[in-house]
$ cat query02.txt   # compact mmCIF, C-alpha atoms
# COMPACT_ATOMS: atom_id res chain seq x y z
CA MET A 4 -191.18 -157.00 -146.40
CA MET A 5 -190.44 -153.30 -146.11
CA ALA A 6 -189.58 -151.25 -149.17
CA GLU A 7 -186.00 -150.18 -149.64
CA HIS A 8 -184.93 -146.80 -148.30
CA MET A 9 -185.99 -143.85 -150.46
CA GLN A 10 -185.11 -140.17 -150.31
CA ILE A 11 -187.05 -138.64 -147.46
CA ILE A 12 -188.92 -135.46 -148.42
CA TRP A 13 -189.97 -134.41 -144.93
CA GLU A 14 -189.86 -135.68 -141.36
CA LYS A 15 -190.92 -134.54 -137.92
CA SER A 16 -190.88 -136.00 -134.40
CA VAL A 17 -193.19 -135.11 -131.51
CA THR A 18 -193.82 -136.32 -127.98
CA SER A 19 -196.74 -138.67 -127.35
CA VAL A 20 -199.51 -136.34 -126.17
CA HIS A 21 -202.90 -135.64 -127.74
CA ALA A 22 -202.15 -132.01 -128.64
CA GLU A 23 -198.96 -132.98 -130.46
CA ARG A 24 -200.81 -135.81 -132.22
CA VAL A 25 -203.23 -133.35 -133.81
CA LYS A 26 -200.40 -130.96 -134.78
CA LEU A 27 -198.43 -133.82 -136.34
CA ILE A 28 -201.40 -134.94 -138.46
CA GLU A 29 -202.08 -131.39 -139.61
CA SER A 30 -198.46 -130.57 -140.37
CA THR A 31 -198.03 -133.83 -142.33
CA ILE A 32 -201.03 -132.94 -144.51
CA PHE A 33 -199.74 -129.37 -144.89
CA GLU A 34 -196.30 -130.58 -146.01
CA ILE A 35 -197.74 -133.14 -148.45
CA GLU A 36 -199.79 -130.36 -150.06
CA LYS A 37 -196.82 -127.96 -149.99
CA GLU A 38 -194.81 -130.49 -152.00
CA GLY A 39 -197.57 -130.47 -154.61
CA LEU A 40 -198.39 -134.12 -153.94
CA SER A 41 -202.01 -135.11 -154.42
CA VAL A 42 -203.04 -138.41 -152.90
CA ALA A 43 -206.10 -140.27 -154.15
CA LEU A 44 -208.01 -139.77 -150.90
CA ASP A 45 -210.15 -136.85 -149.85
CA LYS A 46 -208.93 -134.68 -146.99
CA TYR A 47 -211.18 -136.39 -144.44
CA GLU A 48 -209.88 -139.82 -145.42
CA LEU A 49 -206.24 -138.70 -145.44
CA TYR A 50 -206.64 -137.11 -141.99
CA LEU A 51 -208.27 -140.31 -140.71
CA VAL A 52 -205.57 -142.63 -142.09
CA LEU A 53 -202.75 -140.48 -140.65
CA ASP A 54 -204.65 -140.15 -137.37
CA GLU A 55 -204.98 -143.92 -137.03
CA ALA A 56 -201.29 -144.55 -137.72
CA ILE A 57 -200.10 -141.80 -135.36
CA SER A 58 -202.68 -142.57 -132.65
CA ASN A 59 -201.74 -146.25 -132.78
CA ALA A 60 -198.07 -145.35 -132.36
CA MET A 61 -198.78 -143.08 -129.37
CA GLU A 62 -201.38 -145.34 -127.72
CA HIS A 63 -200.14 -148.88 -128.27
CA GLY A 64 -196.49 -148.16 -129.07
CA ASN A 65 -195.49 -145.40 -126.67
CA LYS A 66 -198.38 -145.84 -124.16
CA TRP A 67 -198.80 -142.02 -124.21
CA SER A 68 -195.40 -141.57 -122.54
CA LYS A 69 -194.29 -137.93 -122.78
CA LEU A 70 -190.73 -139.23 -122.79
CA LYS A 71 -191.25 -141.18 -126.01
CA THR A 72 -191.53 -139.66 -129.46
CA VAL A 73 -193.38 -140.55 -132.64
CA LYS A 74 -191.70 -139.70 -135.93
CA VAL A 75 -193.43 -139.25 -139.28
CA GLU A 76 -191.56 -139.07 -142.57
CA PHE A 77 -192.71 -139.31 -146.14
CA PHE A 78 -191.18 -140.01 -149.51
CA LYS A 79 -192.27 -140.86 -153.05
CA LYS A 80 -192.08 -144.36 -154.45
CA ASN A 81 -191.99 -144.91 -158.23
CA ASP A 82 -193.79 -141.61 -158.92
CA ASP A 83 -197.18 -143.23 -158.34
CA SER A 84 -197.36 -143.54 -154.57
CA LEU A 85 -196.46 -141.68 -151.43
CA ILE A 86 -195.06 -143.61 -148.49
CA VAL A 87 -195.83 -142.17 -145.06
CA SER A 88 -193.75 -143.90 -142.43
CA VAL A 89 -194.61 -143.66 -138.72
CA TYR A 90 -192.15 -144.77 -136.03
CA ASP A 91 -192.72 -145.23 -132.32
CA GLU A 92 -190.39 -146.19 -129.47
CA GLY A 93 -192.47 -149.10 -128.20
CA GLN A 94 -191.62 -152.78 -128.07
CA GLY A 95 -193.43 -153.45 -131.33
CA PHE A 96 -195.82 -156.30 -132.04
CA ASN A 97 -196.28 -159.34 -134.24
CA SER A 98 -197.93 -158.03 -137.38
CA LYS A 99 -198.23 -161.47 -139.02
CA ASN A 100 -201.85 -161.97 -137.90
CA VAL A 101 -203.02 -158.54 -139.04
CA GLY A 102 -205.72 -158.66 -141.67
CA GLU A 103 -207.31 -161.90 -140.52
CA LYS A 104 -211.08 -161.84 -140.41
CA ARG A 105 -212.52 -160.61 -137.12
CA SER A 106 -214.31 -163.24 -135.04
CA GLU A 107 -217.56 -162.78 -133.12
CA ASP A 108 -215.49 -162.29 -129.94
CA ASP A 109 -213.53 -159.47 -131.62
CA ARG A 110 -216.66 -157.35 -131.95
CA LEU A 111 -216.25 -156.08 -128.41
CA SER A 112 -212.46 -155.92 -128.52
CA LEU A 113 -211.06 -152.46 -127.77
CA ARG A 114 -208.21 -152.86 -130.28
CA GLY A 115 -207.73 -153.50 -133.96
CA ARG A 116 -210.24 -151.10 -135.52
CA GLY A 117 -207.61 -148.52 -136.50
CA ILE A 118 -205.83 -151.10 -138.65
CA PHE A 119 -209.11 -152.01 -140.38
CA ILE A 120 -209.72 -148.35 -141.13
CA MET A 121 -206.21 -147.86 -142.56
CA GLN A 122 -206.48 -151.01 -144.70
CA THR A 123 -209.69 -149.68 -146.22
CA PHE A 124 -207.85 -146.72 -147.70
CA CYS A 125 -204.29 -147.88 -148.37
CA LYS A 126 -201.74 -150.66 -148.26
CA ILE A 127 -199.93 -150.95 -144.95
CA GLU A 128 -196.89 -152.83 -143.80
CA TRP A 129 -194.66 -152.96 -140.73
CA ASN A 130 -191.00 -153.52 -140.07
CA GLU A 131 -189.96 -156.81 -138.46
CA ARG A 132 -190.16 -155.40 -134.92
CA GLY A 133 -193.58 -153.86 -135.49
CA ASN A 134 -192.76 -150.32 -134.32
CA ASN A 135 -192.72 -148.73 -137.77
CA ILE A 136 -195.78 -148.72 -140.01
CA ARG A 137 -195.66 -147.62 -143.63
CA LEU A 138 -198.74 -146.36 -145.40
CA GLN A 139 -198.65 -146.61 -149.18
CA LEU A 140 -200.91 -143.86 -150.52
CA PRO A 141 -201.58 -143.79 -154.28
CA LEU A 142 -200.85 -140.44 -155.92
CA SER A 143 -203.45 -138.96 -158.22
CA ASN A 144 -201.11 -136.68 -160.21
CA MET B 240 -220.13 -129.48 -120.80
CA GLU B 241 -219.26 -131.83 -123.64
CA ILE B 242 -221.65 -134.63 -122.71
CA ASP B 243 -225.25 -134.35 -121.51
CA ILE B 244 -226.87 -137.42 -120.09
CA ILE B 245 -230.57 -137.70 -119.38
CA ILE B 246 -232.14 -140.80 -117.91
CA GLU B 247 -235.89 -141.14 -118.28
CA GLN B 248 -237.41 -144.32 -116.96
CA SER B 249 -235.02 -146.99 -118.23
CA SER B 250 -233.70 -145.06 -121.22
CA MET B 251 -230.41 -143.12 -121.25
CA LYS B 252 -229.90 -140.31 -123.77
CA VAL B 253 -226.30 -139.26 -124.31
CA SER B 254 -225.81 -136.01 -126.26
CA ILE B 255 -222.25 -135.21 -127.28
CA HIS B 256 -221.43 -131.54 -127.75
CA THR B 257 -218.14 -131.65 -129.58
CA GLU B 258 -216.97 -131.78 -133.20
CA LYS B 259 -214.24 -134.38 -132.79
CA LEU B 260 -214.19 -137.65 -130.85
CA GLU B 261 -210.57 -138.76 -130.65
CA GLY B 262 -210.35 -140.54 -127.34
CA GLU B 263 -209.72 -137.40 -125.30
CA ILE B 264 -213.21 -137.16 -123.83
CA PRO B 265 -213.90 -139.78 -121.14
CA ILE B 266 -217.34 -140.75 -122.40
CA PHE B 267 -217.26 -144.22 -120.81
CA ASP B 268 -216.34 -142.83 -117.38
CA THR B 269 -219.07 -140.18 -117.62
CA VAL B 270 -221.75 -142.69 -118.63
CA LEU B 271 -220.64 -145.12 -115.92
CA ALA B 272 -220.73 -142.42 -113.22
CA ARG B 273 -224.20 -141.31 -114.30
CA HIS B 274 -225.44 -144.90 -114.35
CA ASN B 275 -224.05 -145.51 -110.87
CA GLU B 276 -225.86 -142.39 -109.60
CA SER B 277 -229.14 -143.54 -111.05
CA GLY B 278 -228.73 -147.12 -109.89
CA GLY B 279 -231.49 -148.35 -112.16
CA LYS B 280 -231.64 -150.80 -115.00
CA ILE B 281 -230.93 -149.24 -118.41
CA GLY B 282 -232.89 -150.84 -121.23
CA LYS B 283 -231.75 -148.51 -123.99
CA ILE B 284 -228.92 -146.04 -124.59
CA VAL B 285 -229.20 -143.50 -127.40
CA PHE B 286 -226.09 -141.56 -128.46
CA ASN B 287 -226.86 -138.32 -130.27
CA PHE B 288 -224.06 -137.46 -132.75
CA ASP B 289 -225.74 -134.35 -134.14
CA GLU B 290 -222.70 -132.11 -133.46
CA VAL B 291 -219.99 -134.68 -134.14
CA GLN B 292 -218.08 -134.20 -137.40
CA TYR B 293 -215.20 -136.64 -136.90
CA ILE B 294 -214.36 -139.83 -135.02
CA ASN B 295 -211.31 -142.08 -134.97
CA SER B 296 -210.81 -145.56 -133.51
CA LEU B 297 -209.88 -144.13 -130.08
CA GLY B 298 -213.25 -142.38 -130.01
CA ILE B 299 -215.03 -145.54 -131.14
CA ALA B 300 -213.29 -147.49 -128.36
CA GLU B 301 -215.07 -145.28 -125.78
CA PHE B 302 -218.42 -146.53 -127.09
CA ILE B 303 -217.20 -150.12 -127.30
CA SER B 304 -216.27 -149.81 -123.60
CA ILE B 305 -219.82 -148.70 -122.80
CA ILE B 306 -221.37 -151.52 -124.84
CA ARG B 307 -219.02 -154.05 -123.19
CA TYR B 308 -219.90 -152.79 -119.72
CA PHE B 309 -223.65 -152.92 -120.19
CA SER B 310 -223.48 -156.24 -122.04
CA GLY B 311 -221.66 -157.61 -119.00
CA LEU B 312 -224.61 -156.66 -116.80
CA ASN B 313 -226.80 -159.08 -118.77
CA GLU B 314 -229.71 -156.63 -118.79
CA LYS B 315 -230.16 -156.87 -122.57
CA THR B 316 -229.51 -153.17 -122.99
CA LYS B 317 -230.00 -151.95 -126.56
CA PHE B 318 -227.82 -149.28 -128.17
CA LYS B 319 -228.58 -146.71 -130.82
CA PHE B 320 -226.54 -143.99 -132.54
CA ILE B 321 -228.56 -141.20 -134.11
CA ASN B 322 -227.85 -138.21 -136.38
CA LEU B 323 -224.59 -139.60 -137.71
CA ASP B 324 -222.79 -137.64 -140.40
CA LYS B 325 -222.47 -139.81 -143.53
CA LYS B 326 -218.67 -139.94 -143.29
CA ILE B 327 -218.89 -141.12 -139.69
CA ALA B 328 -221.51 -143.69 -140.69
CA LYS B 329 -219.04 -144.98 -143.29
CA VAL B 330 -216.35 -145.36 -140.62
CA PHE B 331 -218.85 -147.13 -138.33
CA LYS B 332 -219.63 -149.54 -141.14
CA MET B 333 -215.92 -150.26 -141.70
CA VAL B 334 -215.53 -151.36 -138.10
CA GLU B 335 -218.87 -153.22 -138.04
CA MET B 336 -220.58 -151.09 -135.40
CA HIS B 337 -223.89 -152.01 -137.04
CA ASN B 338 -223.46 -155.47 -135.49
CA LEU B 339 -223.55 -153.90 -132.03
CA ALA B 340 -226.06 -151.09 -132.34
CA ASP B 341 -228.76 -149.49 -134.47
CA ILE B 342 -227.34 -146.66 -136.55
CA ASP B 343 -229.30 -143.75 -138.01
CA THR B 344 -227.64 -141.21 -140.29
CA LYS B 345 -228.70 -137.59 -140.80
$ encode --input "query02.txt" --output "structure tokens"
Amino acid sequence: MMAEHMQIIWEKSVTSVHAERVKLIESTIFEIEKEGLSVALDKYELYLVLDEAISNAMEHGNKWSKLKTVKVEFFKKNDDSLIVSVYDEGQGFNSKNVGEKRSEDDRLSLRGRGIFIMQTFCKIEWNERGNNIRLQLPLSN
Amino acid sequence: MEIDIIIEQSSMKVSIHTEKLEGEIPIFDTVLARHNESGGKIGKIVFNFDEVQYINSLGIAEFISIIRYFSGLNEKTKFKFINLDKKIAKVFKMVEMHNLADIDTK
């Protein structure tokens, strides 16, 4: 179940190309810091978590279509966490099986590792359609 | 040149000369082309990560593609990653790369 709508602090949309992906990650981190928000991850981990969410949206959601955009927005929730929400324009997916233990056959699968990485660092959830992921990042201040 | 590949006898050494591996560098295609040129059996592939500071799951997928390809050849090829930065080693552990290859950190 997605959290109710909160007041958005910042948002930005870009087309689905590698160069824009990097800029979107960097500008999201810049804006989080500019707002004086300190998440309980180091910069490497925060970059990685945002990268996985945005890369997943561009790769699996928008299939790297230059005609499709990825939007990132963030807002505070209850003063103790930051929600970063990433939208794509893809068909979505069934997120119900996410988090199940990987089987032996999954070891050579090309997909699914980004979600494992994100889950290591934060809580994640999707909307019903599966084209909007929300990262819940604990705040340290 | 972002990737150097040397094949000596049946061993392939892949040196990656870039700081970030984010799926933009076609490592699988480069390895496959080099293997096709050589035509020989590859018993071991060593990936040197000395210059790599960052990898995401798109970058990891390039190496999974290589491991899948060579596993499909049924030549019992072994895989090794060397000189991994500790943060990259942590990411590799998260996604269980140690079940597919030997991993040596710096």
$ closest_atom_pairs --input "query02.txt" --of "chain B" --to "chain A" --cutoff "7 Å" --atoms "all atoms listed in the file" --output "tab-separated table"
residue	atom	partner	partner_atom	distance
B:Asn295	CA	A:Leu51	CA	6.7
B:Ser296	CA	A:Gly117	CA	5.3
B:Ala300	CA	A:Leu113	CA	5.5
B:Ile303	CA	A:Leu111	CA	6.1
B:Arg307	CA	A:Leu111	CA	6.2
B:Met333	CA	A:Ile120	CA	6.5
B:Val334	CA	A:Arg116	CA	5.9
$ residues_near_point --input "query02.txt" --point "(-192.2, -141.1, -148.5)" --cutoff "10 Å" --atoms "all atoms listed in the file" --output "ChimeraX atom specification"
/A:8-14,35,75-80,84-88,137-140
$ residues_near_point --input "query02.txt" --point "(-220.6, -151.0, -119.0)" --cutoff "12 Å" --atoms "only C-alpha atoms" --output "JSON, numbers by chain"
{"A": [111], "B": [266, 267, 268, 269, 270, 271, 272, 273, 274, 275, 280, 281, 284, 301, 302, 303, 304, 305, 306, 307, 308, 309, 310, 311, 312, 313, 314, 315, 316, 318]}
$ atom_distance --input "query02.txt" --atom1 "atom CA of B:Glu247" --atom2 "atom CA of B:Val285"
11.6 Å
$ closest_residue --input "query02.txt" --among "A:Leu44, A:Val17, A:Ala56, A:Leu70" --to "B:Leu297" --atoms "only C-alpha atoms"
A:Ala56
$ residues_around --input "query02.txt" --residues "A:Thr18" --least-positions-apart "4" --cutoff "10 Å" --atoms "only C-alpha atoms" --output "PyMOL selection string"
chain A and resi 22-24+27+61+65+67-74+91
$ atom_distance --input "query02.txt" --atom1 "atom CA of A:Cys125" --atom2 "atom CA of A:Ile28"
16.6 Å
$ residues_around --input "query02.txt" --residues "B:Met240" --least-positions-apart "3" --cutoff "12 Å" --atoms "only C-alpha atoms" --output "PDB file with C-alpha atoms, in the coordinates of the input"
ATOM      1  CA  ASP B 243    -225.250-134.350-121.510  1.00  0.00           C
ATOM      2  CA  ILE B 244    -226.870-137.420-120.090  1.00  0.00           C
ATOM      3  CA  SER B 254    -225.810-136.010-126.260  1.00  0.00           C
ATOM      4  CA  ILE B 255    -222.250-135.210-127.280  1.00  0.00           C
ATOM      5  CA  HIS B 256    -221.430-131.540-127.750  1.00  0.00           C
ATOM      6  CA  THR B 257    -218.140-131.650-129.580  1.00  0.00           C
ATOM      7  CA  ILE B 264    -213.210-137.160-123.830  1.00  0.00           C
ATOM      8  CA  ILE B 266    -217.340-140.750-122.400  1.00  0.00           C
ATOM      9  CA  THR B 269    -219.070-140.180-117.620  1.00  0.00           C
TER      10      THR B 269
END
$ atom_distance --input "query02.txt" --atom1 "atom CA of B:Lys326" --atom2 "atom CA of B:Thr344"
9.5 Å
